[in-house]
Every structure is written in structure tokens, then in C-alpha cells.
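Reproduced below: run.txt, with compact mmCIF, C-alpha atoms and all ligand atoms.
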```
# COMPACT_ATOMS: atom_id res chain seq x y z
CA MET A 1 -20.69 -21.96 -91.13
CA THR A 2 -19.68 -19.01 -89.03
CA LYS A 3 -17.17 -19.03 -86.27
CA LYS A 4 -18.63 -17.84 -83.02
CA LYS A 5 -15.15 -17.13 -81.68
CA ILE A 6 -13.17 -14.33 -83.22
CA THR A 7 -9.67 -13.10 -82.40
CA ILE A 8 -8.76 -9.57 -83.30
CA ALA A 9 -5.50 -7.64 -82.91
CA LEU A 10 -5.40 -3.90 -82.40
CA ALA A 11 -2.55 -2.30 -84.30
CA GLY A 12 -1.76 1.37 -84.82
CA ASN A 13 0.69 4.21 -84.44
CA PRO A 14 1.68 5.22 -80.90
CA ASN A 15 -0.99 7.43 -79.33
CA SER A 16 -3.64 6.70 -81.95
CA GLY A 17 -6.06 5.47 -79.28
CA LYS A 18 -5.50 1.69 -79.30
CA THR A 19 -5.79 1.30 -75.55
CA THR A 20 -8.90 3.48 -75.48
CA VAL A 21 -10.50 1.28 -78.15
CA PHE A 22 -9.31 -1.81 -76.27
CA ASN A 23 -10.92 -0.60 -73.05
CA ASN A 24 -14.16 0.26 -74.84
CA LEU A 25 -14.29 -3.22 -76.32
CA THR A 26 -13.27 -5.28 -73.34
CA GLY A 27 -14.35 -3.23 -70.33
CA ALA A 28 -13.24 -5.01 -67.19
CA ARG A 29 -12.54 -8.29 -68.93
CA GLN A 30 -8.86 -7.90 -69.57
CA HIS A 31 -5.59 -9.19 -68.29
CA VAL A 32 -2.01 -8.10 -68.67
CA GLY A 33 0.90 -10.43 -69.27
CA ASN A 34 4.10 -10.37 -71.28
CA TRP A 35 4.89 -11.30 -74.85
CA PRO A 36 6.74 -14.64 -74.89
CA GLY A 37 10.42 -14.22 -74.06
CA VAL A 38 10.37 -10.45 -73.63
CA THR A 39 9.26 -8.00 -70.99
CA VAL A 40 7.02 -5.99 -73.29
CA GLU A 41 3.52 -5.87 -71.85
CA LYS A 42 0.82 -7.88 -73.59
CA LYS A 43 -2.79 -6.92 -72.95
CA GLU A 44 -5.60 -9.27 -73.79
CA GLY A 45 -9.29 -9.09 -73.18
CA SER A 46 -12.60 -10.28 -74.51
CA CYS A 47 -16.17 -9.27 -75.08
CA THR A 48 -19.37 -10.86 -76.27
CA PHE A 49 -21.40 -9.19 -78.98
CA LYS A 50 -24.43 -10.55 -80.86
CA GLY A 51 -23.60 -14.09 -79.81
CA TYR A 52 -19.92 -13.90 -80.72
CA THR A 53 -17.02 -14.14 -78.30
CA ILE A 54 -14.36 -11.72 -79.43
CA ASN A 55 -10.83 -11.94 -78.06
CA VAL A 56 -8.87 -8.73 -78.35
CA VAL A 57 -5.08 -8.36 -78.29
CA ASP A 58 -3.56 -4.88 -77.91
CA LEU A 59 -0.35 -4.76 -80.00
CA PRO A 60 2.51 -2.34 -79.24
CA GLY A 61 2.14 1.03 -80.98
CA VAL A 62 4.38 1.26 -84.05
CA TYR A 63 4.84 3.54 -87.07
CA SER A 64 6.00 0.75 -89.29
CA LEU A 65 6.45 -3.02 -89.45
CA THR A 66 9.97 -3.06 -90.78
CA ALA A 67 11.14 -4.92 -87.66
CA TYR A 68 13.89 -2.58 -86.54
CA SER A 69 12.62 -2.39 -82.99
CA LEU A 70 11.37 -5.04 -80.59
CA ASP A 71 7.88 -3.49 -80.68
CA GLU A 72 7.77 -3.80 -84.44
CA VAL A 73 8.96 -7.40 -84.35
CA ILE A 74 6.28 -8.27 -81.79
CA ALA A 75 3.50 -6.57 -83.75
CA ARG A 76 4.59 -8.05 -87.05
CA ASP A 77 5.18 -11.59 -85.78
CA TYR A 78 1.78 -11.59 -84.15
CA VAL A 79 0.03 -10.61 -87.36
CA VAL A 80 2.06 -12.98 -89.53
CA ASP A 81 2.38 -16.01 -87.26
CA GLU A 82 -0.75 -15.96 -85.10
CA LYS A 83 -3.00 -14.82 -87.92
CA PRO A 84 -5.77 -13.13 -85.97
CA ASP A 85 -9.13 -13.34 -87.77
CA VAL A 86 -9.15 -9.58 -88.14
CA VAL A 87 -6.52 -6.88 -87.63
CA VAL A 88 -8.00 -3.57 -86.54
CA ASP A 89 -5.68 -0.70 -87.38
CA VAL A 90 -6.49 2.25 -85.14
CA VAL A 91 -5.74 5.27 -87.30
CA ASP A 92 -5.50 8.86 -86.05
CA ALA A 93 -7.78 10.74 -88.46
CA SER A 94 -6.06 14.02 -87.61
CA ASN A 95 -2.78 12.60 -88.88
CA LEU A 96 -3.93 10.51 -91.77
CA GLU A 97 -0.95 10.50 -94.08
CA ARG A 98 1.55 9.22 -91.55
CA ASN A 99 -0.89 6.71 -90.09
CA LEU A 100 -1.80 5.22 -93.46
CA TYR A 101 1.76 4.04 -93.96
CA LEU A 102 1.18 1.31 -91.39
CA ALA A 103 -2.22 0.52 -92.90
CA VAL A 104 -0.62 -0.02 -96.29
CA GLN A 105 2.02 -2.30 -94.75
CA LEU A 106 -0.70 -4.36 -93.11
CA LEU A 107 -2.54 -4.63 -96.41
CA GLU A 108 0.68 -5.69 -98.10
CA MET A 109 0.91 -8.48 -95.53
CA GLU A 110 -2.56 -9.49 -96.68
CA ALA A 111 -3.98 -9.06 -93.21
CA ASN A 112 -7.76 -9.11 -92.92
CA LEU A 113 -7.83 -5.44 -92.13
CA VAL A 114 -10.44 -3.11 -90.70
CA ILE A 115 -9.54 0.53 -90.21
CA ALA A 116 -10.83 2.21 -87.08
CA LEU A 117 -10.65 5.84 -88.11
CA ASN A 118 -10.29 7.30 -84.66
CA MET A 119 -10.02 10.89 -83.37
CA MET A 120 -12.67 12.06 -85.80
CA ASP A 121 -13.45 14.86 -83.32
CA VAL A 122 -9.91 16.21 -83.65
CA ALA A 123 -10.04 15.95 -87.44
CA GLU A 124 -13.36 17.79 -87.47
CA SER A 125 -12.12 20.53 -85.15
CA ARG A 126 -9.31 21.10 -87.65
CA GLU A 127 -11.92 21.19 -90.40
CA TYR A 128 -10.45 18.19 -92.19
CA GLN A 129 -13.04 16.65 -94.43
CA ILE A 130 -12.42 12.96 -94.82
CA ASP A 131 -14.38 11.06 -97.45
CA VAL A 132 -14.69 7.81 -95.51
CA LYS A 133 -16.34 5.91 -98.36
CA GLU A 134 -13.68 6.90 -100.83
CA LEU A 135 -10.91 6.05 -98.37
CA SER A 136 -12.46 2.63 -97.93
CA ARG A 137 -12.72 2.15 -101.68
CA LEU A 138 -9.12 3.22 -102.29
CA LEU A 139 -7.72 0.95 -99.60
CA GLY A 140 -10.05 -1.95 -100.37
CA THR A 141 -10.87 -2.35 -96.71
CA PRO A 142 -13.70 -1.28 -94.39
CA VAL A 143 -13.23 2.04 -92.58
CA VAL A 144 -15.18 2.79 -89.40
CA PRO A 145 -15.13 6.40 -88.15
CA MET A 146 -14.79 6.62 -84.36
CA VAL A 147 -14.30 8.87 -81.39
CA ALA A 148 -13.01 6.27 -78.97
CA ALA A 149 -12.63 8.81 -76.17
CA TRP A 150 -16.43 9.21 -76.20
CA GLY A 151 -17.14 5.56 -76.89
CA LYS A 152 -18.43 6.52 -80.34
CA GLY A 153 -18.23 3.90 -83.08
CA THR A 154 -17.69 0.80 -80.94
CA PRO A 155 -20.85 -1.12 -82.04
CA GLU A 156 -20.16 -0.24 -85.68
CA LEU A 157 -16.58 -1.49 -85.31
CA LEU A 158 -17.80 -4.77 -83.81
CA ASP A 159 -20.39 -5.25 -86.57
CA THR A 160 -17.69 -4.71 -89.17
CA VAL A 161 -15.27 -7.09 -87.43
CA ILE A 162 -17.94 -9.80 -87.39
CA ALA A 163 -18.78 -9.20 -91.04
CA VAL A 164 -15.14 -9.43 -92.10
CA ALA A 165 -14.37 -12.45 -89.90
CA GLY A 166 -17.41 -14.24 -91.31
CA GLY A 167 -16.51 -13.38 -94.87
CA TYR A 168 -19.66 -11.31 -95.43
CA GLN A 169 -17.56 -8.26 -96.07
CA LYS A 170 -14.45 -8.73 -98.17
CA VAL A 171 -11.09 -7.08 -97.73
CA SER A 172 -9.81 -6.79 -101.29
CA GLY A 173 -6.78 -4.75 -100.27
CA ILE A 174 -4.61 -2.80 -102.66
CA ASN A 175 -2.46 -3.85 -105.53
CA LEU A 176 0.72 -2.04 -104.65
CA GLN A 177 3.01 -1.89 -107.67
CA TYR A 178 6.68 -1.03 -107.42
CA ASP A 179 8.65 0.21 -110.40
CA HIS A 180 9.45 -2.09 -113.27
CA ASP A 181 12.90 -3.32 -112.14
CA VAL A 182 11.69 -4.07 -108.64
CA GLU A 183 8.55 -5.81 -109.90
CA THR A 184 10.68 -8.05 -112.13
CA GLU A 185 12.70 -9.20 -109.11
CA ILE A 186 9.59 -9.59 -106.96
CA VAL A 187 7.96 -11.82 -109.56
CA LYS A 188 11.11 -13.99 -109.85
CA LEU A 189 11.42 -14.42 -106.10
CA GLU A 190 7.70 -14.94 -105.69
CA LYS A 191 7.86 -17.84 -108.10
CA LEU A 192 10.82 -19.43 -106.30
CA ILE A 193 9.04 -19.03 -102.98
CA SER A 194 5.74 -20.43 -104.25
CA ASP A 195 7.51 -23.49 -105.63
CA SER A 196 9.22 -24.17 -102.31
CA SER A 197 7.82 -24.99 -98.91
CA LEU A 198 8.72 -21.50 -97.66
CA ALA A 199 5.40 -19.99 -98.48
CA GLU A 200 3.51 -22.07 -95.96
CA GLY A 201 1.13 -19.67 -94.31
CA TYR A 202 2.87 -16.60 -95.68
CA SER A 203 2.09 -14.43 -98.65
CA PRO A 204 4.80 -15.25 -101.24
CA ARG A 205 4.70 -11.70 -102.56
CA TRP A 206 5.17 -10.24 -99.11
CA LEU A 207 8.12 -12.56 -98.44
CA ALA A 208 9.64 -11.57 -101.78
CA VAL A 209 9.37 -7.87 -100.91
CA LYS A 210 10.93 -8.46 -97.50
CA LEU A 211 13.82 -10.41 -99.03
CA LEU A 212 14.51 -7.56 -101.43
CA GLU A 213 14.50 -5.17 -98.49
CA GLU A 214 17.14 -7.44 -96.91
CA ASP A 215 14.90 -7.83 -93.89
CA GLU A 216 17.12 -9.66 -91.41
CA GLU A 217 14.28 -11.24 -89.48
CA ILE A 218 12.75 -12.81 -92.57
CA ILE A 219 16.14 -13.89 -93.95
CA GLY A 220 16.81 -15.57 -90.59
CA LYS A 221 13.47 -17.36 -90.65
CA ILE A 222 14.03 -18.62 -94.17
CA ARG A 223 17.52 -19.87 -93.23
CA GLN A 224 15.92 -21.97 -90.53
CA THR A 225 13.63 -23.79 -92.92
CA MET B 1 18.46 26.41 -106.67
CA VAL B 2 19.93 25.99 -103.19
CA ILE B 3 20.43 22.50 -101.83
CA LYS B 4 21.82 22.03 -98.35
CA PRO B 5 21.82 19.49 -95.54
CA LEU B 6 18.90 19.75 -93.15
CA ARG B 7 21.20 20.76 -90.26
CA GLU B 8 21.96 24.00 -92.09
CA VAL B 9 18.34 24.89 -92.77
CA GLU B 10 17.22 27.83 -90.61
CA PRO B 11 14.01 27.89 -88.59
CA LEU B 12 11.01 28.80 -90.75
CA GLU B 13 12.91 28.07 -93.94
CA ARG B 14 11.05 25.59 -96.07
CA GLY B 15 12.03 23.20 -98.76
CA ARG B 16 11.66 19.82 -100.35
CA ILE B 17 13.62 16.69 -99.55
CA VAL B 18 15.84 15.65 -102.44
CA LYS B 19 17.94 12.95 -100.77
CA VAL B 20 17.75 10.69 -97.74
CA GLY B 21 20.97 8.83 -97.00
CA GLY B 22 22.62 7.24 -94.00
CA ARG B 23 23.26 3.79 -92.63
CA LYS B 24 20.59 1.27 -93.49
CA GLY B 25 18.95 1.36 -90.07
CA ILE B 26 18.87 5.13 -89.77
CA ARG B 27 17.69 5.59 -93.33
CA ARG B 28 14.96 3.04 -92.95
CA ARG B 29 13.74 4.68 -89.76
CA LEU B 30 13.65 8.07 -91.49
CA LEU B 31 11.66 6.65 -94.40
CA ASP B 32 9.25 5.01 -91.96
CA MET B 33 8.63 8.38 -90.34
CA GLY B 34 7.68 9.93 -93.66
CA VAL B 35 11.06 11.54 -94.36
CA VAL B 36 11.01 10.65 -98.05
CA VAL B 37 12.19 12.31 -101.24
CA GLY B 38 9.64 14.87 -102.41
CA ALA B 39 8.19 15.60 -98.97
CA GLU B 40 8.03 19.23 -97.93
CA VAL B 41 9.65 20.24 -94.66
CA GLU B 42 9.79 23.34 -92.56
CA VAL B 43 12.28 23.63 -89.71
CA GLN B 44 10.26 24.59 -86.62
CA ARG B 45 12.94 25.18 -84.05
CA VAL B 46 16.41 24.15 -83.08
CA ALA B 47 17.61 23.34 -79.58
CA PRO B 48 20.34 25.61 -78.14
CA LEU B 49 23.20 23.39 -79.23
CA GLY B 50 21.52 22.55 -82.51
CA ASP B 51 20.51 19.09 -81.36
CA PRO B 52 17.75 18.02 -81.68
CA LEU B 53 15.95 19.99 -84.31
CA GLU B 54 12.25 19.88 -84.90
CA ILE B 55 10.74 19.76 -88.35
CA ARG B 56 7.21 19.83 -89.65
CA ILE B 57 6.55 17.16 -92.25
CA LYS B 58 3.39 15.60 -93.64
CA GLY B 59 1.26 17.50 -91.16
CA TYR B 60 3.10 16.62 -87.98
CA ASN B 61 6.17 17.62 -86.01
CA LEU B 62 9.19 15.36 -85.82
CA ALA B 63 12.29 15.79 -83.67
CA LEU B 64 15.53 14.66 -85.29
CA ARG B 65 19.03 14.26 -83.97
CA LEU B 66 21.70 16.10 -85.91
CA GLU B 67 23.25 12.76 -86.75
CA GLU B 68 20.02 11.89 -88.56
CA ALA B 69 19.52 15.36 -90.06
CA ASP B 70 22.96 15.13 -91.65
CA ASN B 71 21.66 12.47 -93.99
CA ILE B 72 18.88 14.62 -95.38
CA GLN B 73 19.38 17.07 -98.27
CA ILE B 74 16.89 19.88 -98.79
CA GLU B 75 16.16 22.01 -101.81
CA ILE B 76 15.19 25.37 -100.32
CA PHE B 77 12.10 27.14 -101.62
CA GLU B 78 12.96 30.58 -102.95
CA GLY B 79 11.32 33.78 -101.82
CA LYS B 80 9.79 34.93 -98.59
CA LEU B 81 6.74 33.17 -97.21
N1 LIG A 301 -9.90 13.71 -78.75
C1 LIG A 301 -9.77 12.38 -78.75
N2 LIG A 301 -8.87 11.82 -77.92
C2 LIG A 301 -8.76 10.48 -77.94
C3 LIG A 301 -9.57 9.66 -78.76
N3 LIG A 301 -9.22 8.38 -78.56
C4 LIG A 301 -8.23 8.38 -77.63
N4 LIG A 301 -7.97 9.65 -77.24
C5 LIG A 301 -6.95 10.11 -76.29
O1 LIG A 301 -5.67 9.97 -76.89
C6 LIG A 301 -4.68 9.63 -75.93
C7 LIG A 301 -3.96 8.35 -76.34
O2 LIG A 301 -4.86 7.27 -76.29
P1 LIG A 301 -4.39 5.79 -75.98
O3 LIG A 301 -5.61 4.94 -76.05
O4 LIG A 301 -3.57 5.71 -74.75
O5 LIG A 301 -3.46 5.55 -77.25
P2 LIG A 301 -2.54 4.27 -77.58
O6 LIG A 301 -2.62 4.08 -79.05
O7 LIG A 301 -2.90 3.13 -76.72
O8 LIG A 301 -1.12 4.84 -77.20
P3 LIG A 301 0.23 4.00 -76.96
O9 LIG A 301 -0.13 2.73 -76.24
O10 LIG A 301 1.06 4.91 -76.14
O11 LIG A 301 0.80 3.74 -78.29
C8 LIG A 301 -5.43 9.48 -74.60
O12 LIG A 301 -5.30 10.68 -73.90
C9 LIG A 301 -6.88 9.26 -75.04
O13 LIG A 301 -7.79 9.70 -74.09
C10 LIG A 301 -10.53 10.31 -79.63
O14 LIG A 301 -11.25 9.69 -80.41
N5 LIG A 301 -10.57 11.67 -79.56
MG MG A 302 -1.70 1.90 -75.47
```
When written as C-alpha cells, how does the structure in this file appear?
Ligand SMILES: Nc1nc2c(ncn2[C@@H]2O[C@H](COP(=O)(O)OP(=O)(O)OP(=O)(O)O)[C@@H](O)[C@H]2O)c(=O)[nH]1
Ligand SMILES: [Mg+2]
Amino acid sequence: MTKKKITIALAGNPNSGKTTVFNNLTGARQHVGNWPGVTVEKKEGSCTFKGYTINVVDLPGVYSLTAYSLDEVIARDYVVDEKPDVVVDVVDASNLERNLYLAVQLLEMEANLVIALNMMDVAESREYQIDVKELSRLLGTPVVPMVAAWGKGTPELLDTVIAVAGGYQKVSGINLQYDHDVETEIVKLEKLISDSSLAEGYSPRWLAVKLLEEDEEIIGKIRQT
Amino acid sequence: MVIKPLREVEPLERGRIVKVGGRKGIRRRLLDMGVVVGAEVEVQRVAPLGDPLEIRIKGYNLALRLEEADNIQIEIFEGKL
């Protein structure tokens, strides 16, 4: 059984090309509203591709999902609570190291991630040679090279999104290990969380990491339950 | 080995970050931006009153307020570039 309706969220660092990708995907079929309760703009749109209806949500541009700014809270809550079928992380290929920090955070959240490796033209003009296959293997997630400004890579991105949403292509993610002392605490907390009702819909390991980081948002949410 | 706070590093001096301190929020923000122990930095330029200063780190330029730069300790690379 495949779902013919897919919801994807576009995440990425500021200026990585999210809105350009969004416009390529959705063309004229978009509307602008606000995120619930705040005045931050929320853009949504849709497209049809190979018989699928794909809803696209443009998330605020962020460097991180540590929830210190409203933009980060919005982006993170959307990924965690709304659980889009696929999260597309628009990555600036000319600035890979900084951009991959967010990608790793999304993988740690166990998002169904596809990386749109955008700005390949800029990377090439700087003579960066990116081994896309190896990057994909290391991150355990599909990587689609793109030049969104020229509309390059859009059909490949959509094919990949459909494959991941349908389970034909797996996102194995990465097994991020912290040092021994931290891992010991993570495992303890993870067990407590798994045995409680807290884990509902969340990754217990991710919650454990956030608790150790003293993430106020997550602590608040857990207090409520 | 010379270690000094980032605010005292001169333009075009380079070094490696050995400590990132500061209040939780500031520190976290710095870490999120790639200002982590071990990263190499070069001071690009400093505004007339010293605030903000611009550094190059992990292949991009980042502007920092002095208040933030105070929390960062740099081990300066010896020798001329
Ligand atoms: N050279 C090049 N420029 C691009 C590419 N994709 C987008 N751009 C340009 O990069 C700039 C930023 O693109 P946006 O789509 O606005 O980026 P964004 O991620 O939505 O930015 P914020 O919403 O501000 O976070 C624009 O000037 C785009 O035209 C690309 O693949 N190559
Ligand atoms: Mg945008």
C-alpha cells in the first residue's frame, strides 16, 4: 500500500535556498499564513508528481534545532509533533561543514531525511569536489545534488521523496555515539523513558539527549505529561 | 604557546579554539555556529570600536560581539603565514 498523499517539510540553514526549492516544487500553488500563535510566516504549497499529491511546508531557516529562538522552536516542533512523511534538508554545498550540523540534528531526531545538496554550481566554481555517494553512505540518507536557482534537480528530489515516503528507499541514519560517561546516562534515561508513557511518538534516545542538555522546552513538555 | 581571548587576537592572526565559555545560552549559540574547541579561526577584521569582530571559521565568516568573543580562548599559531 502506498500513500498517494505525501507531506514534506523543507528545513535548512538561512539562505541555503529553501524558498527557491519551495517555489520550484509548488509553482503558483502556495499560500502564506502564520504559525499557530505566533506572527512568523508559514508558507505552504502543493504539487502533483507521478500521481502523488505532495504538500510542502517551508520551515524557518535555522542553524540548529536547540530551541533557543522562536524559529528553532517552530522548526523543531513541526518535525517532532507533526511528523511530516519526509523532511528535506536544503544544504548549501558551498558551506558543507556548517550546514551538516543541522542535518545531523535532524538525523538524531530520527526524521525521515532527504538531503537536497543545493548550490552545487557555487561549490563547483570553488572547485570543491563532493563525493555525493560517499556523503549519502556516511549519513545513511539519500543526497540529491541540485542547483535550485536553475531548477536543476527538482524531478530527482521528488523521485527520492516518493521513494523514501513509500519505504522503497530507507533512511538508516547515523549512530551518533557520545563519550562513555554521557552514553551511560543516555542509556539510563532512555530506559526510564521507554518504560513510561513519555516516549509516545518521540524517539526515547532523542528525548534522553535533550534532557541531558537541560533543554527547557522538552523539560516543560515532560512536566506536562 | 600563547593563549589569549579572541578579543585580543589581531586581524590575520590565526589560531585554534581551546575553550568556549559563557552563559548557557551564549555558549550554546556559539557551539551551534561551529565555534567549538579544536576549530581553527582567523580574525578577518575588527570594527572601529572593536565591536563586532569578524572571524573566519569552518569555511565561512562569522561576526561576533565582543561580549561573545570574551568567552572564547585561542591558542595562537606561531610563525608568520
Ligand atoms: N548560485 C545559486 N544560487 C542559489 C541557488 N539556490 C538559491 N540560490 C539563491 O540564493 C539566495 C537565497 O535563496 P532563498 O531561496 O531565498 O534561501 P532561503 O533558504 O529561503 O533563505 P531564508 O528564507 O532567508 O532562510 C537567492 O538569491 C537565490 O536565488 C543555487 O542553487 N545556486
Ligand atoms: Mg526563505
Near chain A, meaning an atom within 12 Å, which residues of chain B appear when counting only C-alpha atoms? Write them as a ChimeraX atom specification.
/B:24-36,39,57-62
For ligand MG 302 (chain A), list the contacting residues at 12 Å or closer, counting only C-alpha atoms and all ligand atoms, as a list of chain:residue names.
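Taking only C-alpha atoms and all ligand atoms into account, the residues around ligand MG 302 (chain A) at most 12 Å away are A:Leu10, A:Ala11, A:Gly12, A:Asn13, A:Pro14, A:Asn15, A:Ser16, A:Gly17, A:Lys18, A:Thr19, A:Thr20, A:Val21, A:Phe22, A:Asn23, A:Val40, A:Glu41, A:Lys42, A:Lys43, A:Glu44, A:Val57, A:Asp58, A:Leu59, A:Pro60, A:Gly61, A:Val62, A:Val90.
Counting all atoms listed in the file, the residue from A:Thr225, A:Gln30, A:Ser125, A:Asn118 that sits nearest to Ala93 (chain A) is A:Asn118.
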Nearest to ligand LIG 301 (chain A) by atom-to-atom distance, counting all atoms listed in the file, from A:Ser203, A:Thr154, A:Thr160, A:Gln169:
A:Thr154
With only C-alpha atoms as the counted atoms, please give the residues lying no more than 9 Å from region 180-184 of chain A, apart from itself and same-chain residues fewer than 3 positions off, as a list in words.
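Residues meeting the cut-off are Gln177, Val187, Lys188, Leu189, Val209 and Leu212 of chain A.
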Hey, what's within 10 Å of Glu108 (chain A) if we count all atoms listed in the file and toss same-chain stuff fewer than 3 positions away? As a ChimeraX atom specification, please?
/A:102-105,111,173-176,203,205-206,209
Determine the axis-aligned bounding box of all atoms of ligand LIG 301 (chain A) present in the file, pad each side by 4 Å, and express its centre and edge lengths in Å to one decimal place as JSON.
```
{"center_x": -5.1, "center_y": 8.2, "center_z": -77.2, "size_x": 20.3, "size_y": 19.0, "size_z": 14.5}
```
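Taking only C-alpha atoms into account, Lys50 (chain A) lies nearest to A:Ile162 out of the set A:Ile162, A:Ala199, A:Ala149, A:Val91.
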Taking 2 positions as the minimum chain separation for residues in the same chain, which residues sit within 10 Å of Val41 (chain B) when counting all atoms listed in the file? Answer as a PDB file with C-alpha atoms, keeping the file's coordinate frame.
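Below you can see around.pdb, which holds the result:
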```pdb
ATOM      1  CA  LEU B   6      18.900  19.750 -93.150  1.00  0.00           C
ATOM      2  CA  LEU B  12      11.010  28.800 -90.750  1.00  0.00           C
ATOM      3  CA  GLU B  13      12.910  28.070 -93.940  1.00  0.00           C
ATOM      4  CA  ARG B  14      11.050  25.590 -96.070  1.00  0.00           C
ATOM      5  CA  GLY B  15      12.030  23.200 -98.760  1.00  0.00           C
ATOM      6  CA  ARG B  16      11.660  19.820-100.350  1.00  0.00           C
ATOM      7  CA  ILE B  17      13.620  16.690 -99.550  1.00  0.00           C
ATOM      8  CA  VAL B  35      11.060  11.540 -94.360  1.00  0.00           C
ATOM      9  CA  GLY B  38       9.640  14.870-102.410  1.00  0.00           C
ATOM     10  CA  ALA B  39       8.190  15.600 -98.970  1.00  0.00           C
ATOM     11  CA  VAL B  43      12.280  23.630 -89.710  1.00  0.00           C
ATOM     12  CA  GLN B  44      10.260  24.590 -86.620  1.00  0.00           C
ATOM     13  CA  ILE B  55      10.740  19.760 -88.350  1.00  0.00           C
ATOM     14  CA  ARG B  56       7.210  19.830 -89.650  1.00  0.00           C
ATOM     15  CA  ILE B  57       6.550  17.160 -92.250  1.00  0.00           C
ATOM     16  CA  LYS B  58       3.390  15.600 -93.640  1.00  0.00           C
ATOM     17  CA  GLY B  59       1.260  17.500 -91.160  1.00  0.00           C
ATOM     18  CA  ASN B  61       6.170  17.620 -86.010  1.00  0.00           C
ATOM     19  CA  ILE B  74      16.890  19.880 -98.790  1.00  0.00           C
ATOM     20  CA  GLU B  75      16.160  22.010-101.810  1.00  0.00           C
ATOM     21  CA  ILE B  76      15.190  25.370-100.320  1.00  0.00           C
TER      22      ILE B  76
END
```
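The residues that lie within 9 Å of the point (-19.7, 2.2, -73.9), counting all atoms listed in the file, are A:Asn24, A:Leu25, A:Gly27, A:Trp150, A:Gly151, A:Lys152, A:Thr154, A:Pro155.
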Å distance separating CA of Leu117 (chain A) from CA of Glu82 (chain A), one decimal place:
24.1 Å
For ligand LIG 301 (chain A), which residue out of A:Ile8, A:Ile186, A:Leu100, A:Met119 is the nearest one, using all atoms listed in the file?
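Closest to ligand LIG 301 (chain A) of all the choices is A:Met119.
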Restricting the calculation to only C-alpha atoms and all ligand atoms, which member of A:Gly37, A:Pro84, A:Pro145, A:Gly140 is positioned closest to ligand LIG 301 (chain A)?
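Ranking A:Gly37, A:Pro84, A:Pro145, A:Gly140 by distance to ligand LIG 301 (chain A), first place goes to A:Pro145.
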Given all atoms listed in the file as the basis, pick out the residue of B:Glu54, B:Val37, B:Ile3, B:Pro48 nearest to Ala69 (chain B).
B:Glu54
Can you work out the spacing between CA of Val114 (chain A) and CA of Leu158 (chain A) in Å, to one decimal?
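We find that CA of Val114 (chain A) and CA of Leu158 (chain A) lie 10.2 Å from each other.
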Please, what distance in Å, to one decimal, runs between CA of Val144 (chain A) and CA of Ala116 (chain A)?
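About the pair CA of Val144 (chain A) and CA of Ala116 (chain A): they are 5.0 Å apart.
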